[in-house]
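Structure below is data_37.pdb: PDB, C-alpha atoms.
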```
ATOM      1  CA  MET B1490    -208.640  61.887  70.122
ATOM      2  CA  THR B1491    -206.352  59.766  72.247
ATOM      3  CA  SER B1492    -205.697  61.155  75.721
ATOM      4  CA  THR B1493    -202.248  59.579  75.824
ATOM      5  CA  VAL B1494    -199.536  62.224  75.590
ATOM      6  CA  CYS B1495    -196.644  61.225  73.391
ATOM      7  CA  ILE B1496    -193.423  62.464  71.904
ATOM      8  CA  VAL B1497    -193.053  61.520  68.260
ATOM      9  CA  ASP B1498    -189.476  60.907  67.172
ATOM     10  CA  THR B1499    -188.218  62.470  63.960
ATOM     11  CA  ASN B1500    -187.872  59.079  62.253
ATOM     12  CA  VAL B1501    -191.626  58.504  62.635
ATOM     13  CA  VAL B1502    -192.527  61.900  61.133
ATOM     14  CA  VAL B1503    -190.096  61.429  58.228
ATOM     15  CA  SER B1504    -191.283  57.898  57.549
ATOM     16  CA  GLY B1505    -194.907  59.026  57.724
ATOM     17  CA  LEU B1506    -194.228  61.717  55.146
ATOM     18  CA  ILE B1507    -192.194  59.701  52.646
ATOM     19  CA  THR B1508    -194.144  56.436  52.785
ATOM     20  CA  PRO B1509    -196.785  56.272  50.032
ATOM     21  CA  ASP B1510    -198.899  53.709  51.920
ATOM     22  CA  SER B1511    -201.436  55.545  54.099
ATOM     23  CA  THR B1512    -201.995  52.470  56.264
ATOM     24  CA  THR B1513    -198.507  52.268  57.783
ATOM     25  CA  PRO B1514    -198.207  53.162  61.466
ATOM     26  CA  PRO B1515    -195.901  56.179  60.858
ATOM     27  CA  THR B1516    -198.298  57.582  58.240
ATOM     28  CA  MET B1517    -201.268  57.070  60.532
ATOM     29  CA  ILE B1518    -199.424  58.814  63.372
ATOM     30  CA  LEU B1519    -198.382  61.772  61.204
ATOM     31  CA  ASP B1520    -201.914  62.105  59.813
ATOM     32  CA  SER B1521    -203.296  62.082  63.370
ATOM     33  CA  MET B1522    -200.798  64.755  64.421
ATOM     34  CA  LEU B1523    -201.786  66.984  61.501
ATOM     35  CA  ALA B1524    -205.504  66.427  62.100
ATOM     36  CA  GLY B1525    -205.244  67.318  65.794
ATOM     37  CA  ARG B1526    -206.326  63.826  66.893
ATOM     38  CA  LEU B1527    -203.150  63.193  68.867
ATOM     39  CA  LEU B1528    -201.771  64.813  72.025
ATOM     40  CA  TYR B1529    -198.044  65.241  71.527
ATOM     41  CA  LEU B1530    -195.257  67.326  72.957
ATOM     42  CA  MET B1531    -193.048  69.657  70.944
ATOM     43  CA  SER B1532    -189.936  71.624  71.850
ATOM     44  CA  VAL B1533    -187.596  73.926  69.975
ATOM     45  CA  GLU B1534    -185.067  71.108  69.752
ATOM     46  CA  LEU B1535    -187.579  68.593  68.410
ATOM     47  CA  LEU B1536    -188.964  71.039  65.851
ATOM     48  CA  THR B1537    -185.403  71.805  64.749
ATOM     49  CA  ALA B1538    -184.747  68.082  64.326
ATOM     50  CA  TYR B1539    -187.933  67.637  62.262
ATOM     51  CA  SER B1540    -187.026  70.578  60.046
ATOM     52  CA  SER B1541    -183.370  69.729  59.509
ATOM     53  CA  VAL B1542    -183.974  66.066  58.699
ATOM     54  CA  LEU B1543    -186.897  66.811  56.368
ATOM     55  CA  ARG B1544    -184.692  69.295  54.510
ATOM     56  CA  ARG B1545    -181.844  66.843  53.891
ATOM     57  CA  PRO B1546    -181.440  66.626  50.108
ATOM     58  CA  ARG B1547    -182.153  62.897  49.787
ATOM     59  CA  ILE B1548    -185.203  63.055  52.034
ATOM     60  CA  ALA B1549    -186.452  66.263  50.388
ATOM     61  CA  ARG B1550    -186.240  64.582  46.977
ATOM     62  CA  THR B1551    -188.243  61.651  48.332
ATOM     63  CA  HIS B1552    -191.092  63.672  49.859
ATOM     64  CA  GLY B1553    -191.016  66.248  47.064
ATOM     65  CA  LEU B1554    -192.342  69.167  49.128
ATOM     66  CA  ALA B1555    -191.244  72.687  48.286
ATOM     67  CA  ASP B1556    -189.845  74.760  51.167
ATOM     68  CA  GLU B1557    -193.152  76.631  51.525
ATOM     69  CA  GLN B1558    -195.098  73.374  51.739
ATOM     70  CA  LEU B1559    -192.680  71.991  54.286
ATOM     71  CA  ASP B1560    -192.958  75.193  56.330
ATOM     72  CA  ARG B1561    -196.770  74.826  56.319
ATOM     73  CA  LEU B1562    -196.518  71.214  57.453
ATOM     74  CA  LEU B1563    -194.169  72.162  60.306
ATOM     75  CA  THR B1564    -196.458  75.053  61.266
ATOM     76  CA  GLU B1565    -199.417  72.667  61.457
ATOM     77  CA  LEU B1566    -197.417  70.282  63.622
ATOM     78  CA  VAL B1567    -196.512  73.128  65.989
ATOM     79  CA  ALA B1568    -200.090  74.428  66.064
ATOM     80  CA  ASN B1569    -201.438  71.047  67.167
ATOM     81  CA  ALA B1570    -198.693  70.324  69.711
ATOM     82  CA  MET B1571    -198.337  70.917  73.423
ATOM     83  CA  TRP B1572    -195.263  73.124  73.654
ATOM     84  CA  ARG B1573    -192.699  72.257  76.332
ATOM     85  CA  GLU B1574    -189.296  73.608  77.184
ATOM     86  CA  ILE B1575    -186.671  70.959  77.746
ATOM     87  CA  PRO B1576    -185.791  71.107  81.450
ATOM     88  CA  GLY B1577    -182.119  70.225  81.060
ATOM     89  CA  THR B1578    -179.698  67.814  79.485
ATOM     90  CA  VAL B1579    -180.212  64.092  79.824
ATOM     91  CA  ARG B1580    -177.924  61.586  78.147
ATOM     92  CA  ALA B1581    -179.655  59.295  75.666
ATOM     93  CA  PRO B1582    -178.112  56.111  74.261
ATOM     94  CA  ASP B1583    -177.434  58.160  71.105
ATOM     95  CA  ARG B1584    -176.181  61.708  71.790
ATOM     96  CA  GLY B1585    -178.248  62.983  68.875
ATOM     97  CA  ASP B1586    -181.351  62.012  70.831
ATOM     98  CA  ASP B1587    -180.549  63.801  74.111
ATOM     99  CA  HIS B1588    -183.401  66.250  73.409
ATOM    100  CA  LEU B1589    -185.902  63.353  73.308
ATOM    101  CA  TRP B1590    -184.683  61.940  76.613
ATOM    102  CA  ALA B1591    -184.790  65.380  78.250
ATOM    103  CA  LEU B1592    -188.323  66.007  76.978
ATOM    104  CA  LEU B1593    -189.467  62.551  78.059
ATOM    105  CA  THR B1594    -187.944  62.689  81.527
ATOM    106  CA  GLY B1595    -189.241  66.252  81.967
ATOM    107  CA  TYR B1596    -192.780  65.044  81.240
ATOM    108  CA  PRO B1597    -192.852  61.470  82.584
ATOM    109  CA  GLN B1598    -196.577  61.036  81.824
ATOM    110  CA  ALA B1599    -195.675  60.977  78.121
ATOM    111  CA  LEU B1600    -194.394  58.089  76.072
ATOM    112  CA  LEU B1601    -191.889  58.198  73.246
ATOM    113  CA  VAL B1602    -192.916  56.767  69.878
ATOM    114  CA  THR B1603    -189.866  55.815  67.831
ATOM    115  CA  GLY B1604    -188.612  53.346  65.281
ATOM    116  CA  ASP B1605    -185.051  53.668  66.621
ATOM    117  CA  ARG B1606    -184.037  50.257  68.002
ATOM    118  CA  LEU B1607    -181.340  51.757  70.238
ATOM    119  CA  LEU B1608    -183.934  53.927  71.977
ATOM    120  CA  LEU B1609    -186.548  51.163  72.091
ATOM    121  CA  ASN B1610    -184.095  48.761  73.729
ATOM    122  CA  ASN B1611    -182.682  51.282  76.248
ATOM    123  CA  PRO B1612    -185.572  53.368  77.613
ATOM    124  CA  PRO B1613    -185.032  55.752  80.514
ATOM    125  CA  VAL B1614    -186.162  54.484  83.903
ATOM    126  CA  GLU B1615    -189.954  54.570  84.272
ATOM    127  CA  CYS B1616    -190.491  56.255  80.889
ATOM    128  CA  PRO B1617    -192.183  54.174  78.190
ATOM    129  CA  VAL B1618    -190.649  53.998  74.725
ATOM    130  CA  ILE B1619    -192.706  52.153  72.109
ATOM    131  CA  SER B1620    -192.712  51.451  68.385
ATOM    132  CA  PRO B1621    -195.110  53.160  65.974
ATOM    133  CA  ARG B1622    -196.951  49.865  65.403
ATOM    134  CA  THR B1623    -197.423  49.309  69.139
ATOM    135  CA  PHE B1624    -198.640  52.886  69.545
ATOM    136  CA  VAL B1625    -201.193  52.571  66.729
ATOM    137  CA  ASN B1626    -202.410  49.188  67.987
ATOM    138  CA  SER B1627    -202.659  50.284  71.626
ATOM    139  CA  PHE B1628    -203.527  53.982  71.631
ATOM    140  CA  LEU B1629    -204.603  55.358  68.276
ATOM    141  CA  ASN B1630    -208.294  55.142  67.548
ATOM    142  CA  ILE B1631    -208.686  55.648  63.814
ATOM    143  CA  GLU B1632    -212.259  55.822  62.633
TER     144      GLU B1632
END
```

Let's see the structure in the file written out as structure tokens.
Amino acid sequence: MTSTVCIVDTNVVVSGLITPDSTTPPTMILDSMLAGRLLYLMSVELLTAYSSVLRRPRIARTHGLADEQLDRLLTELVANAMWREIPGTVRAPDRGDDHLWALLTGYPQALLVTGDRLLLNNPPVECPVISPRTFVNSFLNIE
């Protein structure tokens, strides 16, 4: 298990679920989350984002999971996470990502893993934001 604490953006979880190739960085990250090999933070807001995006009709058709299966997946993600309350509101480059910035700045030892270019190019001061590929190459030990 990696000892690096991270926050996994919704786009990484969604991509990991809908991508058929098990060797892509998002799939490897999601698999590590589900297997308990990754230390990651979760909040009510982040779980809500995971759930709402995964239930969007187009995305739901792509992953093909029934509601019960999706609920089990989300339950496993919560069970393996380190639960944190968001300490307040912090403005992110994209208002829809304020919860990520608040979680990251509230736990500055963590790093954000995202495929969102806007977030990657505008990280908060002294808080690392990295791509899924960089995370897998630098921190994830898959055996």

statement: Using all atoms listed in the file, the residue out of B:Arg1561, B:Arg1550, B:Arg1580, B:Arg1545 with shortest distance to Leu1523 of chain B is B:Arg1561

Expected residue set, 12 Å radius at (-202.1, 54.8, 68.0), only C-alpha atoms, as a PyMOL selection string: chain B and resi 1490-1495+1497+1512-1522+1526-1529+1600-1602+1619-1632

Restrict the selected residues to C-alpha atoms and save them as a PDB file, in the coordinates of the input.
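Written out: out24.pdb:
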```
ATOM      1  CA  MET B1490    -208.640  61.887  70.122  1.00  0.00           C
ATOM      2  CA  THR B1491    -206.352  59.766  72.247  1.00  0.00           C
ATOM      3  CA  SER B1492    -205.697  61.155  75.721  1.00  0.00           C
ATOM      4  CA  THR B1493    -202.248  59.579  75.824  1.00  0.00           C
ATOM      5  CA  VAL B1494    -199.536  62.224  75.590  1.00  0.00           C
ATOM      6  CA  CYS B1495    -196.644  61.225  73.391  1.00  0.00           C
ATOM      7  CA  VAL B1497    -193.053  61.520  68.260  1.00  0.00           C
ATOM      8  CA  THR B1512    -201.995  52.470  56.264  1.00  0.00           C
ATOM      9  CA  THR B1513    -198.507  52.268  57.783  1.00  0.00           C
ATOM     10  CA  PRO B1514    -198.207  53.162  61.466  1.00  0.00           C
ATOM     11  CA  PRO B1515    -195.901  56.179  60.858  1.00  0.00           C
ATOM     12  CA  THR B1516    -198.298  57.582  58.240  1.00  0.00           C
ATOM     13  CA  MET B1517    -201.268  57.070  60.532  1.00  0.00           C
ATOM     14  CA  ILE B1518    -199.424  58.814  63.372  1.00  0.00           C
ATOM     15  CA  LEU B1519    -198.382  61.772  61.204  1.00  0.00           C
ATOM     16  CA  ASP B1520    -201.914  62.105  59.813  1.00  0.00           C
ATOM     17  CA  SER B1521    -203.296  62.082  63.370  1.00  0.00           C
ATOM     18  CA  MET B1522    -200.798  64.755  64.421  1.00  0.00           C
ATOM     19  CA  ARG B1526    -206.326  63.826  66.893  1.00  0.00           C
ATOM     20  CA  LEU B1527    -203.150  63.193  68.867  1.00  0.00           C
ATOM     21  CA  LEU B1528    -201.771  64.813  72.025  1.00  0.00           C
ATOM     22  CA  TYR B1529    -198.044  65.241  71.527  1.00  0.00           C
ATOM     23  CA  LEU B1600    -194.394  58.089  76.072  1.00  0.00           C
ATOM     24  CA  LEU B1601    -191.889  58.198  73.246  1.00  0.00           C
ATOM     25  CA  VAL B1602    -192.916  56.767  69.878  1.00  0.00           C
ATOM     26  CA  ILE B1619    -192.706  52.153  72.109  1.00  0.00           C
ATOM     27  CA  SER B1620    -192.712  51.451  68.385  1.00  0.00           C
ATOM     28  CA  PRO B1621    -195.110  53.160  65.974  1.00  0.00           C
ATOM     29  CA  ARG B1622    -196.951  49.865  65.403  1.00  0.00           C
ATOM     30  CA  THR B1623    -197.423  49.309  69.139  1.00  0.00           C
ATOM     31  CA  PHE B1624    -198.640  52.886  69.545  1.00  0.00           C
ATOM     32  CA  VAL B1625    -201.193  52.571  66.729  1.00  0.00           C
ATOM     33  CA  ASN B1626    -202.410  49.188  67.987  1.00  0.00           C
ATOM     34  CA  SER B1627    -202.659  50.284  71.626  1.00  0.00           C
ATOM     35  CA  PHE B1628    -203.527  53.982  71.631  1.00  0.00           C
ATOM     36  CA  LEU B1629    -204.603  55.358  68.276  1.00  0.00           C
ATOM     37  CA  ASN B1630    -208.294  55.142  67.548  1.00  0.00           C
ATOM     38  CA  ILE B1631    -208.686  55.648  63.814  1.00  0.00           C
ATOM     39  CA  GLU B1632    -212.259  55.822  62.633  1.00  0.00           C
TER      40      GLU B1632
END
```

Who sits within 10 Å of Leu1589 of chain B, all atoms listed in the file, same chain under 5 positions skipped, as a ChimeraX atom specification: /B:1496-1499,1531-1532,1534-1535,1575,1578-1581,1584,1594-1595,1601,1608

Would you save the residues of that selection, restricted to C-alpha atoms, as a compact mmCIF listing (two decimals), in the frame of the given file?
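Output (again-v5.txt):
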```txt
# COMPACT_ATOMS: atom_id res chain seq x y z
CA ILE B 1496 -193.42 62.46 71.90
CA VAL B 1497 -193.05 61.52 68.26
CA ASP B 1498 -189.48 60.91 67.17
CA THR B 1499 -188.22 62.47 63.96
CA MET B 1531 -193.05 69.66 70.94
CA SER B 1532 -189.94 71.62 71.85
CA GLU B 1534 -185.07 71.11 69.75
CA LEU B 1535 -187.58 68.59 68.41
CA ILE B 1575 -186.67 70.96 77.75
CA THR B 1578 -179.70 67.81 79.48
CA VAL B 1579 -180.21 64.09 79.82
CA ARG B 1580 -177.92 61.59 78.15
CA ALA B 1581 -179.66 59.30 75.67
CA ARG B 1584 -176.18 61.71 71.79
CA THR B 1594 -187.94 62.69 81.53
CA GLY B 1595 -189.24 66.25 81.97
CA LEU B 1601 -191.89 58.20 73.25
CA LEU B 1608 -183.93 53.93 71.98
```

- prompt: Closest to Ser1540 of chain B among B:Leu1554, B:Ala1524, B:Ala1599, B:Leu1563, using all atoms listed in the file?
  reply: B:Leu1563

statement: Between atom CA of Thr1537 of chain B and atom CA of His1588 of chain B lies a distance of 10.5 Å

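Reported to one decimal place, the separation of atom CA of Ala1591 of chain B from atom CA of Ile1548 of chain B is 26.3 Å.
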
field: Nearest to Arg1544 of chain B, chosen from B:Leu1530, B:Val1503, B:Glu1615, B:Glu1574, with all atoms listed in the file counted in the distances
entry: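 For Arg1544 of chain B, the nearest of the candidates is B:Val1503.
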
Set up a box along x, y and z of the file covering all listed atoms of segment 1590-1600 of chain B, add 6 Å on every one of the six sides, and write the centre and edge lengths in Å to one decimal, as AutoDock Vina command-line options.
```
--center_x -190.6 --center_y 62.2 --center_z 79.3 --size_x 23.9 --size_y 20.2 --size_z 18.5
```

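Shortest separation to Thr1551 of chain B among B:Leu1593, B:Leu1506, B:Gly1525, B:Asp1586 occurs at residue B:Leu1506, atoms counted being all atoms listed in the file.
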
Leu1609 of chain B surroundings by only C-alpha atoms, 7 Å radius, close-in-sequence under 3 positions cut, as a ChimeraX atom specification: /B:1605-1606,1612,1618-1619

- prompt: In Å, with one decimal, what is the gap from atom CA of Asn1500 of chain B to atom CA of Leu1566 of chain B?
  reply: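 About the pair atom CA of Asn1500 of chain B and atom CA of Leu1566 of chain B: they are 14.8 Å apart.
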
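Comparing the minimum interatomic distances between Asp1583 of chain B and each of B:Leu1536, B:His1552, B:Leu1607, B:Gln1558, counting all atoms listed in the file, we find that B:Leu1607 sits nearest.
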
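Of the residues listed (B:Tyr1539, B:Leu1592, B:Ala1549, B:Pro1597), B:Tyr1539 shows the shortest atom-to-atom separation from Val1502 of chain B; distances use all atoms listed in the file.
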